[in-house]
file run16.txt (compact mmCIF, N, CA and C atoms)
# COMPACT_ATOMS: atom_id res chain seq x y z
N MET A 12 18.24 -13.84 2.57
CA MET A 12 17.32 -12.85 2.02
C MET A 12 17.97 -11.48 2.00
N ASP A 13 17.52 -10.67 1.07
CA ASP A 13 18.03 -9.31 0.92
C ASP A 13 17.55 -8.45 2.09
N PRO A 14 18.46 -7.84 2.86
CA PRO A 14 18.05 -7.03 4.01
C PRO A 14 17.24 -5.79 3.63
N LYS A 15 17.32 -5.36 2.37
CA LYS A 15 16.54 -4.21 1.93
C LYS A 15 15.06 -4.53 1.81
N ILE A 16 14.73 -5.79 1.59
CA ILE A 16 13.32 -6.17 1.45
C ILE A 16 12.88 -7.18 2.50
N THR A 17 13.60 -7.22 3.60
CA THR A 17 13.24 -8.11 4.71
C THR A 17 12.83 -7.27 5.91
N PRO A 18 11.54 -7.25 6.23
CA PRO A 18 11.10 -6.46 7.38
C PRO A 18 11.43 -7.14 8.71
N LEU A 19 11.87 -6.33 9.66
CA LEU A 19 12.04 -6.82 11.02
C LEU A 19 10.75 -6.66 11.81
N LYS A 20 10.03 -5.57 11.49
CA LYS A 20 8.81 -5.27 12.24
C LYS A 20 7.81 -4.59 11.32
N LEU A 21 6.56 -5.04 11.40
CA LEU A 21 5.44 -4.42 10.71
C LEU A 21 4.47 -3.91 11.77
N ASP A 22 4.15 -2.63 11.73
CA ASP A 22 3.25 -2.04 12.72
C ASP A 22 2.16 -1.28 11.99
N LEU A 23 0.95 -1.85 11.96
CA LEU A 23 -0.18 -1.23 11.28
C LEU A 23 -1.11 -0.59 12.29
N LYS A 24 -1.24 0.71 12.18
CA LYS A 24 -2.26 1.44 12.94
C LYS A 24 -3.36 1.72 11.93
N LYS A 25 -4.46 0.97 12.06
CA LYS A 25 -5.48 0.90 11.01
C LYS A 25 -6.05 2.25 10.58
N ASP A 26 -6.07 3.22 11.46
CA ASP A 26 -6.62 4.52 11.08
C ASP A 26 -5.55 5.55 10.77
N GLN A 27 -4.27 5.12 10.72
CA GLN A 27 -3.19 6.08 10.49
C GLN A 27 -2.21 5.64 9.42
N ALA A 28 -1.41 4.62 9.73
CA ALA A 28 -0.30 4.29 8.85
C ALA A 28 0.25 2.90 9.12
N LEU A 29 1.05 2.45 8.16
CA LEU A 29 1.84 1.24 8.31
C LEU A 29 3.30 1.66 8.45
N GLU A 30 3.95 1.18 9.49
CA GLU A 30 5.39 1.42 9.65
C GLU A 30 6.12 0.10 9.47
N VAL A 31 7.18 0.15 8.67
CA VAL A 31 7.99 -1.04 8.42
C VAL A 31 9.43 -0.72 8.80
N GLN A 32 9.96 -1.51 9.72
CA GLN A 32 11.38 -1.42 10.07
C GLN A 32 12.07 -2.51 9.27
N TRP A 33 12.95 -2.08 8.34
CA TRP A 33 13.65 -3.03 7.48
C TRP A 33 14.92 -3.53 8.15
N GLN A 34 15.35 -4.70 7.75
CA GLN A 34 16.52 -5.34 8.33
C GLN A 34 17.80 -4.50 8.15
N ASP A 35 17.85 -3.69 7.10
CA ASP A 35 19.04 -2.86 6.87
C ASP A 35 19.01 -1.56 7.67
N GLY A 36 18.00 -1.38 8.54
CA GLY A 36 17.93 -0.22 9.41
C GLY A 36 16.99 0.88 8.95
N ARG A 37 16.51 0.84 7.74
CA ARG A 37 15.62 1.89 7.24
C ARG A 37 14.22 1.71 7.82
N LEU A 38 13.58 2.84 8.12
CA LEU A 38 12.21 2.85 8.61
C LEU A 38 11.35 3.56 7.57
N CYS A 39 10.27 2.92 7.15
CA CYS A 39 9.36 3.52 6.18
C CYS A 39 7.98 3.64 6.82
N ARG A 40 7.36 4.81 6.62
CA ARG A 40 6.01 5.05 7.15
C ARG A 40 5.10 5.38 5.97
N TYR A 41 4.05 4.57 5.80
CA TYR A 41 3.11 4.71 4.70
C TYR A 41 1.74 5.08 5.27
N SER A 42 1.21 6.23 4.92
CA SER A 42 -0.14 6.56 5.37
C SER A 42 -1.12 5.59 4.70
N ILE A 43 -2.26 5.39 5.32
CA ILE A 43 -3.26 4.48 4.76
C ILE A 43 -3.73 4.97 3.40
N SER A 44 -3.94 6.27 3.25
CA SER A 44 -4.38 6.79 1.95
C SER A 44 -3.30 6.61 0.89
N TYR A 45 -2.03 6.73 1.26
CA TYR A 45 -0.94 6.50 0.31
C TYR A 45 -0.94 5.05 -0.14
N LEU A 46 -1.06 4.13 0.81
CA LEU A 46 -1.09 2.71 0.45
C LEU A 46 -2.26 2.41 -0.49
N ARG A 47 -3.40 2.99 -0.19
CA ARG A 47 -4.58 2.76 -1.05
C ARG A 47 -4.34 3.31 -2.45
N SER A 48 -3.74 4.48 -2.53
CA SER A 48 -3.49 5.09 -3.85
C SER A 48 -2.43 4.33 -4.63
N MET A 49 -1.57 3.58 -3.93
CA MET A 49 -0.51 2.82 -4.58
C MET A 49 -0.81 1.32 -4.62
N CYS A 50 -2.07 0.96 -4.47
CA CYS A 50 -2.46 -0.45 -4.51
C CYS A 50 -1.86 -1.12 -5.74
N PRO A 51 -1.23 -2.28 -5.56
CA PRO A 51 -0.56 -2.95 -6.68
C PRO A 51 -1.44 -3.87 -7.52
N CYS A 52 -2.74 -3.91 -7.26
CA CYS A 52 -3.58 -4.81 -8.06
C CYS A 52 -3.62 -4.33 -9.52
N ALA A 53 -3.99 -5.22 -10.41
CA ALA A 53 -3.99 -4.93 -11.85
C ALA A 53 -4.91 -3.75 -12.19
N GLN A 54 -6.07 -3.70 -11.57
CA GLN A 54 -7.02 -2.63 -11.87
C GLN A 54 -6.48 -1.27 -11.45
N CYS A 55 -5.90 -1.18 -10.27
CA CYS A 55 -5.35 0.09 -9.79
C CYS A 55 -4.12 0.50 -10.60
N ARG A 56 -3.28 -0.46 -10.93
CA ARG A 56 -2.10 -0.15 -11.77
C ARG A 56 -2.54 0.40 -13.12
N ALA A 57 -3.56 -0.20 -13.72
CA ALA A 57 -4.06 0.27 -15.01
C ALA A 57 -4.58 1.71 -14.88
N MET A 58 -5.28 2.00 -13.80
CA MET A 58 -5.78 3.36 -13.58
C MET A 58 -4.63 4.35 -13.45
N ARG A 59 -3.60 3.97 -12.68
CA ARG A 59 -2.45 4.87 -12.53
C ARG A 59 -1.72 5.08 -13.85
N ASP A 60 -1.58 4.01 -14.63
CA ASP A 60 -0.92 4.13 -15.93
C ASP A 60 -1.72 5.05 -16.85
N GLU A 61 -3.04 4.91 -16.81
CA GLU A 61 -3.89 5.78 -17.63
C GLU A 61 -3.74 7.24 -17.19
N GLN A 62 -3.67 7.46 -15.89
CA GLN A 62 -3.49 8.82 -15.37
C GLN A 62 -2.18 9.41 -15.86
N LYS A 63 -1.11 8.61 -15.88
CA LYS A 63 0.18 9.10 -16.36
C LYS A 63 0.09 9.49 -17.83
N THR A 64 -0.67 8.71 -18.60
CA THR A 64 -0.82 8.97 -20.03
C THR A 64 -1.51 10.31 -20.27
N VAL A 65 -2.54 10.58 -19.51
CA VAL A 65 -3.27 11.84 -19.71
C VAL A 65 -2.76 12.94 -18.79
N LYS A 66 -1.76 12.62 -17.99
CA LYS A 66 -1.07 13.58 -17.12
C LYS A 66 -2.01 14.31 -16.17
N LYS A 67 -2.91 13.55 -15.57
CA LYS A 67 -3.78 14.10 -14.54
C LYS A 67 -3.23 13.70 -13.19
N LYS A 68 -3.58 14.46 -12.17
CA LYS A 68 -3.16 14.15 -10.82
C LYS A 68 -3.94 12.94 -10.32
N LEU A 69 -3.23 11.99 -9.70
CA LEU A 69 -3.84 10.80 -9.15
C LEU A 69 -4.62 11.17 -7.89
N THR A 70 -5.88 10.76 -7.82
CA THR A 70 -6.68 10.98 -6.63
C THR A 70 -7.36 9.68 -6.26
N LEU A 71 -7.70 9.55 -5.00
CA LEU A 71 -8.36 8.34 -4.54
C LEU A 71 -9.73 8.14 -5.16
N THR A 72 -10.38 9.22 -5.56
CA THR A 72 -11.74 9.09 -6.06
C THR A 72 -11.82 8.35 -7.38
N ILE A 73 -10.74 8.23 -8.12
CA ILE A 73 -10.80 7.53 -9.39
C ILE A 73 -10.41 6.06 -9.25
N LEU A 74 -9.96 5.66 -8.10
CA LEU A 74 -9.56 4.27 -7.92
C LEU A 74 -10.78 3.39 -7.70
N PRO A 75 -10.67 2.11 -8.03
CA PRO A 75 -11.78 1.20 -7.78
C PRO A 75 -12.09 1.15 -6.29
N GLY A 76 -13.34 0.97 -5.96
CA GLY A 76 -13.75 0.90 -4.57
C GLY A 76 -14.84 1.92 -4.29
N ASN A 77 -15.31 1.94 -3.07
CA ASN A 77 -16.40 2.82 -2.69
C ASN A 77 -15.94 3.85 -1.66
N TYR A 78 -14.94 4.61 -2.01
CA TYR A 78 -14.41 5.61 -1.08
C TYR A 78 -15.44 6.71 -0.87
N ALA A 79 -15.91 6.85 0.36
CA ALA A 79 -16.92 7.87 0.65
C ALA A 79 -16.73 8.43 2.05
N GLY A 80 -15.55 8.39 2.58
CA GLY A 80 -15.32 8.89 3.92
C GLY A 80 -13.88 8.69 4.30
N GLU A 81 -13.63 8.76 5.59
CA GLU A 81 -12.27 8.58 6.08
C GLU A 81 -11.79 7.17 5.75
N LEU A 82 -10.63 7.10 5.16
CA LEU A 82 -10.09 5.82 4.74
C LEU A 82 -9.28 5.19 5.86
N THR A 83 -9.55 3.91 6.12
CA THR A 83 -8.81 3.16 7.12
C THR A 83 -8.49 1.77 6.56
N ALA A 84 -7.63 1.07 7.25
CA ALA A 84 -7.40 -0.34 6.95
C ALA A 84 -8.30 -1.12 7.90
N THR A 85 -9.15 -1.97 7.34
CA THR A 85 -10.05 -2.73 8.20
C THR A 85 -9.45 -4.05 8.64
N SER A 86 -8.51 -4.58 7.85
CA SER A 86 -7.80 -5.79 8.24
C SER A 86 -6.54 -5.92 7.39
N ALA A 87 -5.65 -6.77 7.86
CA ALA A 87 -4.42 -7.04 7.13
C ALA A 87 -3.92 -8.42 7.54
N GLY A 88 -3.22 -9.05 6.62
CA GLY A 88 -2.66 -10.36 6.92
C GLY A 88 -1.47 -10.65 6.04
N MET A 89 -0.64 -11.54 6.51
CA MET A 89 0.54 -11.94 5.75
C MET A 89 0.13 -12.86 4.60
N VAL A 90 0.86 -12.72 3.50
CA VAL A 90 0.73 -13.62 2.37
C VAL A 90 2.08 -14.32 2.27
N GLY A 91 2.11 -15.55 2.71
CA GLY A 91 3.38 -16.28 2.78
C GLY A 91 4.39 -15.50 3.61
N ASN A 92 5.63 -15.53 3.18
CA ASN A 92 6.69 -14.78 3.86
C ASN A 92 7.18 -13.61 3.01
N TYR A 93 6.33 -13.18 2.07
CA TYR A 93 6.82 -12.18 1.12
C TYR A 93 5.93 -10.96 0.95
N ALA A 94 4.74 -10.94 1.57
CA ALA A 94 3.82 -9.85 1.26
C ALA A 94 2.79 -9.64 2.37
N LEU A 95 2.08 -8.52 2.23
CA LEU A 95 1.02 -8.14 3.14
C LEU A 95 -0.22 -7.82 2.30
N LYS A 96 -1.36 -8.36 2.71
CA LYS A 96 -2.62 -8.04 2.03
C LYS A 96 -3.44 -7.17 2.97
N ILE A 97 -3.90 -6.04 2.47
CA ILE A 97 -4.64 -5.08 3.28
C ILE A 97 -6.04 -4.90 2.70
N GLN A 98 -7.04 -4.93 3.57
CA GLN A 98 -8.40 -4.58 3.17
C GLN A 98 -8.66 -3.17 3.67
N PHE A 99 -9.18 -2.33 2.77
CA PHE A 99 -9.44 -0.94 3.09
C PHE A 99 -10.92 -0.71 3.36
N SER A 100 -11.22 0.38 4.06
CA SER A 100 -12.60 0.67 4.43
C SER A 100 -13.50 0.97 3.24
N ASP A 101 -12.93 1.21 2.07
CA ASP A 101 -13.76 1.40 0.87
C ASP A 101 -14.13 0.06 0.23
N GLY A 102 -13.74 -1.04 0.87
CA GLY A 102 -14.07 -2.37 0.39
C GLY A 102 -13.02 -2.99 -0.52
N HIS A 103 -12.04 -2.22 -0.89
CA HIS A 103 -11.00 -2.72 -1.81
C HIS A 103 -10.03 -3.62 -1.04
N ASP A 104 -9.75 -4.80 -1.60
CA ASP A 104 -8.86 -5.74 -0.91
C ASP A 104 -8.10 -6.65 -1.86
N SER A 105 -7.97 -6.27 -3.12
CA SER A 105 -7.35 -7.17 -4.08
C SER A 105 -5.85 -6.96 -4.27
N GLY A 106 -5.27 -5.97 -3.62
CA GLY A 106 -3.85 -5.73 -3.77
C GLY A 106 -3.02 -6.51 -2.77
N ILE A 107 -1.95 -7.12 -3.25
CA ILE A 107 -0.99 -7.81 -2.39
C ILE A 107 0.30 -7.00 -2.44
N PHE A 108 0.65 -6.41 -1.30
CA PHE A 108 1.83 -5.55 -1.20
C PHE A 108 3.05 -6.39 -0.86
N SER A 109 3.81 -6.78 -1.88
CA SER A 109 5.03 -7.54 -1.61
C SER A 109 6.00 -6.65 -0.86
N PHE A 110 6.90 -7.26 -0.11
CA PHE A 110 7.88 -6.47 0.62
C PHE A 110 8.78 -5.70 -0.34
N ALA A 111 9.09 -6.29 -1.49
CA ALA A 111 9.90 -5.59 -2.49
C ALA A 111 9.16 -4.34 -2.98
N TYR A 112 7.85 -4.46 -3.22
CA TYR A 112 7.06 -3.32 -3.68
C TYR A 112 6.96 -2.25 -2.59
N LEU A 113 6.73 -2.67 -1.35
CA LEU A 113 6.68 -1.70 -0.25
C LEU A 113 7.98 -0.91 -0.15
N ARG A 114 9.09 -1.61 -0.29
CA ARG A 114 10.39 -0.91 -0.24
C ARG A 114 10.52 0.06 -1.40
N GLU A 115 10.07 -0.35 -2.57
CA GLU A 115 10.14 0.49 -3.76
C GLU A 115 9.34 1.78 -3.61
N ILE A 116 8.18 1.72 -2.95
CA ILE A 116 7.31 2.89 -2.84
C ILE A 116 7.49 3.63 -1.51
N CYS A 117 8.51 3.30 -0.76
CA CYS A 117 8.75 3.94 0.54
C CYS A 117 8.86 5.46 0.36
N PRO A 118 7.97 6.21 1.05
CA PRO A 118 8.08 7.67 0.96
C PRO A 118 9.38 8.13 1.65
N ASP A 119 10.06 9.06 1.04
CA ASP A 119 11.30 9.57 1.65
C ASP A 119 11.05 10.80 2.47

call {"tool": "encode", "arguments": {"input": "run16.txt", "output": "structure tokens"}}
result
Amino acid sequence: MDPKITPLKLDLKKDQALEVQWQDGRLCRYSISYLRSMCPCAQCRAMRDEQKTVKKKLTLTILPGNYAGELTATSAGMVGNYALKIQFSDGHDSGIFSFAYLREICPD
């Protein structure tokens, strides 16, 4: 497997962030709100693409779900050996975060 997309450790603090230690030594920290805003499901991707077209700033309030307070991860689980599925406190849970996608969106 590619060490750039192979996690050694996944550490989810449900009210703060997901930290991923990659096999190649890189550490990525994703805030819960960032993960929610970058949800890879078809509906969220379409919303982000539409935002790019009209050149508006992406905000959580336009994403699908019932965001009405502090955003947290309510649960998470592995999808095979290639991804993580996260349920958010706004009820949204349709995004599957592949390890390749997580590496791609790693905040620098």

call {"tool": "closest_residue", "arguments": {"input": "run16.txt", "among": "A:His103, A:Leu29, A:Cys39, A:Arg114", "to": "Pro14 of chain A", "atoms": "only C-alpha atoms"}}
result
A:Arg114

call {"tool": "atom_distance", "arguments": {"input": "run16.txt", "atom1": "atom N of Ser109 of chain A", "atom2": "atom N of Val65 of chain A"}}
result
25.5 Å

call {"tool": "atom_distance", "arguments": {"input": "run16.txt", "atom1": "atom C of Asp119 of chain A", "atom2": "atom CA of Tyr45 of chain A"}}
result
12.9 Å

call {"tool": "residues_near_point", "arguments": {"input": "run16.txt", "point": "(7.8, -9.0, 1.0)", "cutoff": "6.5 Å", "atoms": "all atoms listed in the file", "output": "count of residues only"}}
result
10

call {"tool": "closest_residue", "arguments": {"input": "run16.txt", "among": "A:Met49, A:Leu38, A:Cys117, A:Ile43", "to": "Ser86 of chain A", "atoms": "only C-alpha atoms"}}
result
A:Ile43

call {"tool": "residues_around", "arguments": {"input": "run16.txt", "residues": "Phe99 of chain A", "least_positions_apart": "3", "cutoff": "9 Å", "atoms": "only C-alpha atoms", "output": "ChimeraX atom specification"}}
result
/A:43,47,76,82-87,102-104

call {"tool": "closest_residue", "arguments": {"input": "run16.txt", "among": "A:Arg40, A:Asp101, A:Lys15, A:Asp35", "to": "Pro118 of chain A", "atoms": "all atoms listed in the file"}}
result
A:Arg40

call {"tool": "atom_distance", "arguments": {"input": "run16.txt", "atom1": "atom CA of Met12 of chain A", "atom2": "atom CA of Ser48 of chain A"}}
result
28.1 Å

call {"tool": "select_by_dssp", "arguments": {"input": "run16.txt", "residues": "chain A", "states": "strand (DSSP E)", "output": "number ranges by chain"}}
result
A: 18-24, 28-33, 38-42, 84-90, 94-99, 107-109

call {"tool": "write_last_selection", "arguments": {"input": "run16.txt", "atoms": "N, CA and C atoms", "output": "mmCIF file, in the frame of the given file"}}
result
data_model
loop_
_atom_site.group_PDB
_atom_site.id
_atom_site.type_symbol
_atom_site.label_atom_id
_atom_site.label_comp_id
_atom_site.auth_asym_id
_atom_site.auth_seq_id
_atom_site.Cartn_x
_atom_site.Cartn_y
_atom_site.Cartn_z
ATOM 1 N N PRO A 18 11.540 -7.250 6.230
ATOM 2 C CA PRO A 18 11.100 -6.460 7.380
ATOM 3 C C PRO A 18 11.430 -7.140 8.710
ATOM 4 N N LEU A 19 11.870 -6.330 9.660
ATOM 5 C CA LEU A 19 12.040 -6.820 11.020
ATOM 6 C C LEU A 19 10.750 -6.660 11.810
ATOM 7 N N LYS A 20 10.030 -5.570 11.490
ATOM 8 C CA LYS A 20 8.810 -5.270 12.240
ATOM 9 C C LYS A 20 7.810 -4.590 11.320
ATOM 10 N N LEU A 21 6.560 -5.040 11.400
ATOM 11 C CA LEU A 21 5.440 -4.420 10.710
ATOM 12 C C LEU A 21 4.470 -3.910 11.770
ATOM 13 N N ASP A 22 4.150 -2.630 11.730
ATOM 14 C CA ASP A 22 3.250 -2.040 12.720
ATOM 15 C C ASP A 22 2.160 -1.280 11.990
ATOM 16 N N LEU A 23 0.950 -1.850 11.960
ATOM 17 C CA LEU A 23 -0.180 -1.230 11.280
ATOM 18 C C LEU A 23 -1.110 -0.590 12.290
ATOM 19 N N LYS A 24 -1.240 0.710 12.180
ATOM 20 C CA LYS A 24 -2.260 1.440 12.940
ATOM 21 C C LYS A 24 -3.360 1.720 11.930
ATOM 22 N N ALA A 28 -1.410 4.620 9.730
ATOM 23 C CA ALA A 28 -0.300 4.290 8.850
ATOM 24 C C ALA A 28 0.250 2.900 9.120
ATOM 25 N N LEU A 29 1.050 2.450 8.160
ATOM 26 C CA LEU A 29 1.840 1.240 8.310
ATOM 27 C C LEU A 29 3.300 1.660 8.450
ATOM 28 N N GLU A 30 3.950 1.180 9.490
ATOM 29 C CA GLU A 30 5.390 1.420 9.650
ATOM 30 C C GLU A 30 6.120 0.100 9.470
ATOM 31 N N VAL A 31 7.180 0.150 8.670
ATOM 32 C CA VAL A 31 7.990 -1.040 8.420
ATOM 33 C C VAL A 31 9.430 -0.720 8.800
ATOM 34 N N GLN A 32 9.960 -1.510 9.720
ATOM 35 C CA GLN A 32 11.380 -1.420 10.070
ATOM 36 C C GLN A 32 12.070 -2.510 9.270
ATOM 37 N N TRP A 33 12.950 -2.080 8.340
ATOM 38 C CA TRP A 33 13.650 -3.030 7.480
ATOM 39 C C TRP A 33 14.920 -3.530 8.150
ATOM 40 N N LEU A 38 13.580 2.840 8.120
ATOM 41 C CA LEU A 38 12.210 2.850 8.610
ATOM 42 C C LEU A 38 11.350 3.560 7.570
ATOM 43 N N CYS A 39 10.270 2.920 7.150
ATOM 44 C CA CYS A 39 9.360 3.520 6.180
ATOM 45 C C CYS A 39 7.980 3.640 6.820
ATOM 46 N N ARG A 40 7.360 4.810 6.620
ATOM 47 C CA ARG A 40 6.010 5.050 7.150
ATOM 48 C C ARG A 40 5.100 5.380 5.970
ATOM 49 N N TYR A 41 4.050 4.570 5.800
ATOM 50 C CA TYR A 41 3.110 4.710 4.700
ATOM 51 C C TYR A 41 1.740 5.080 5.270
ATOM 52 N N SER A 42 1.210 6.230 4.920
ATOM 53 C CA SER A 42 -0.140 6.560 5.370
ATOM 54 C C SER A 42 -1.120 5.590 4.700
ATOM 55 N N ALA A 84 -7.630 1.070 7.250
ATOM 56 C CA ALA A 84 -7.400 -0.340 6.950
ATOM 57 C C ALA A 84 -8.300 -1.120 7.900
ATOM 58 N N THR A 85 -9.150 -1.970 7.340
ATOM 59 C CA THR A 85 -10.050 -2.730 8.200
ATOM 60 C C THR A 85 -9.450 -4.050 8.640
ATOM 61 N N SER A 86 -8.510 -4.580 7.850
ATOM 62 C CA SER A 86 -7.800 -5.790 8.240
ATOM 63 C C SER A 86 -6.540 -5.920 7.390
ATOM 64 N N ALA A 87 -5.650 -6.770 7.860
ATOM 65 C CA ALA A 87 -4.420 -7.040 7.130
ATOM 66 C C ALA A 87 -3.920 -8.420 7.540
ATOM 67 N N GLY A 88 -3.220 -9.050 6.620
ATOM 68 C CA GLY A 88 -2.660 -10.360 6.920
ATOM 69 C C GLY A 88 -1.470 -10.650 6.040
ATOM 70 N N MET A 89 -0.640 -11.540 6.510
ATOM 71 C CA MET A 89 0.540 -11.940 5.750
ATOM 72 C C MET A 89 0.130 -12.860 4.600
ATOM 73 N N VAL A 90 0.860 -12.720 3.500
ATOM 74 C CA VAL A 90 0.730 -13.620 2.370
ATOM 75 C C VAL A 90 2.080 -14.320 2.270
ATOM 76 N N ALA A 94 4.740 -10.940 1.570
ATOM 77 C CA ALA A 94 3.820 -9.850 1.260
ATOM 78 C C ALA A 94 2.790 -9.640 2.370
ATOM 79 N N LEU A 95 2.080 -8.520 2.230
ATOM 80 C CA LEU A 95 1.020 -8.140 3.140
ATOM 81 C C LEU A 95 -0.220 -7.820 2.300
ATOM 82 N N LYS A 96 -1.360 -8.360 2.710
ATOM 83 C CA LYS A 96 -2.620 -8.040 2.030
ATOM 84 C C LYS A 96 -3.440 -7.170 2.970
ATOM 85 N N ILE A 97 -3.900 -6.040 2.470
ATOM 86 C CA ILE A 97 -4.640 -5.080 3.280
ATOM 87 C C ILE A 97 -6.040 -4.900 2.700
ATOM 88 N N GLN A 98 -7.040 -4.930 3.570
ATOM 89 C CA GLN A 98 -8.400 -4.580 3.170
ATOM 90 C C GLN A 98 -8.660 -3.170 3.670
ATOM 91 N N PHE A 99 -9.180 -2.330 2.770
ATOM 92 C CA PHE A 99 -9.440 -0.940 3.090
ATOM 93 C C PHE A 99 -10.920 -0.710 3.360
ATOM 94 N N ILE A 107 -1.950 -7.120 -3.250
ATOM 95 C CA ILE A 107 -0.990 -7.810 -2.390
ATOM 96 C C ILE A 107 0.300 -7.000 -2.440
ATOM 97 N N PHE A 108 0.650 -6.410 -1.300
ATOM 98 C CA PHE A 108 1.830 -5.550 -1.200
ATOM 99 C C PHE A 108 3.050 -6.390 -0.860
ATOM 100 N N SER A 109 3.810 -6.780 -1.880
ATOM 101 C CA SER A 109 5.030 -7.540 -1.610
ATOM 102 C C SER A 109 6.000 -6.650 -0.860
#

call {"tool": "residues_near_point", "arguments": {"input": "run16.txt", "point": "(0.9, -8.4, -8.4)", "cutoff": "8 Å", "atoms": "all atoms listed in the file", "output": "list in words"}}
result
Pro51, Cys52, Ala53, Gly106, Ile107, Phe108 and Ser109 of chain A
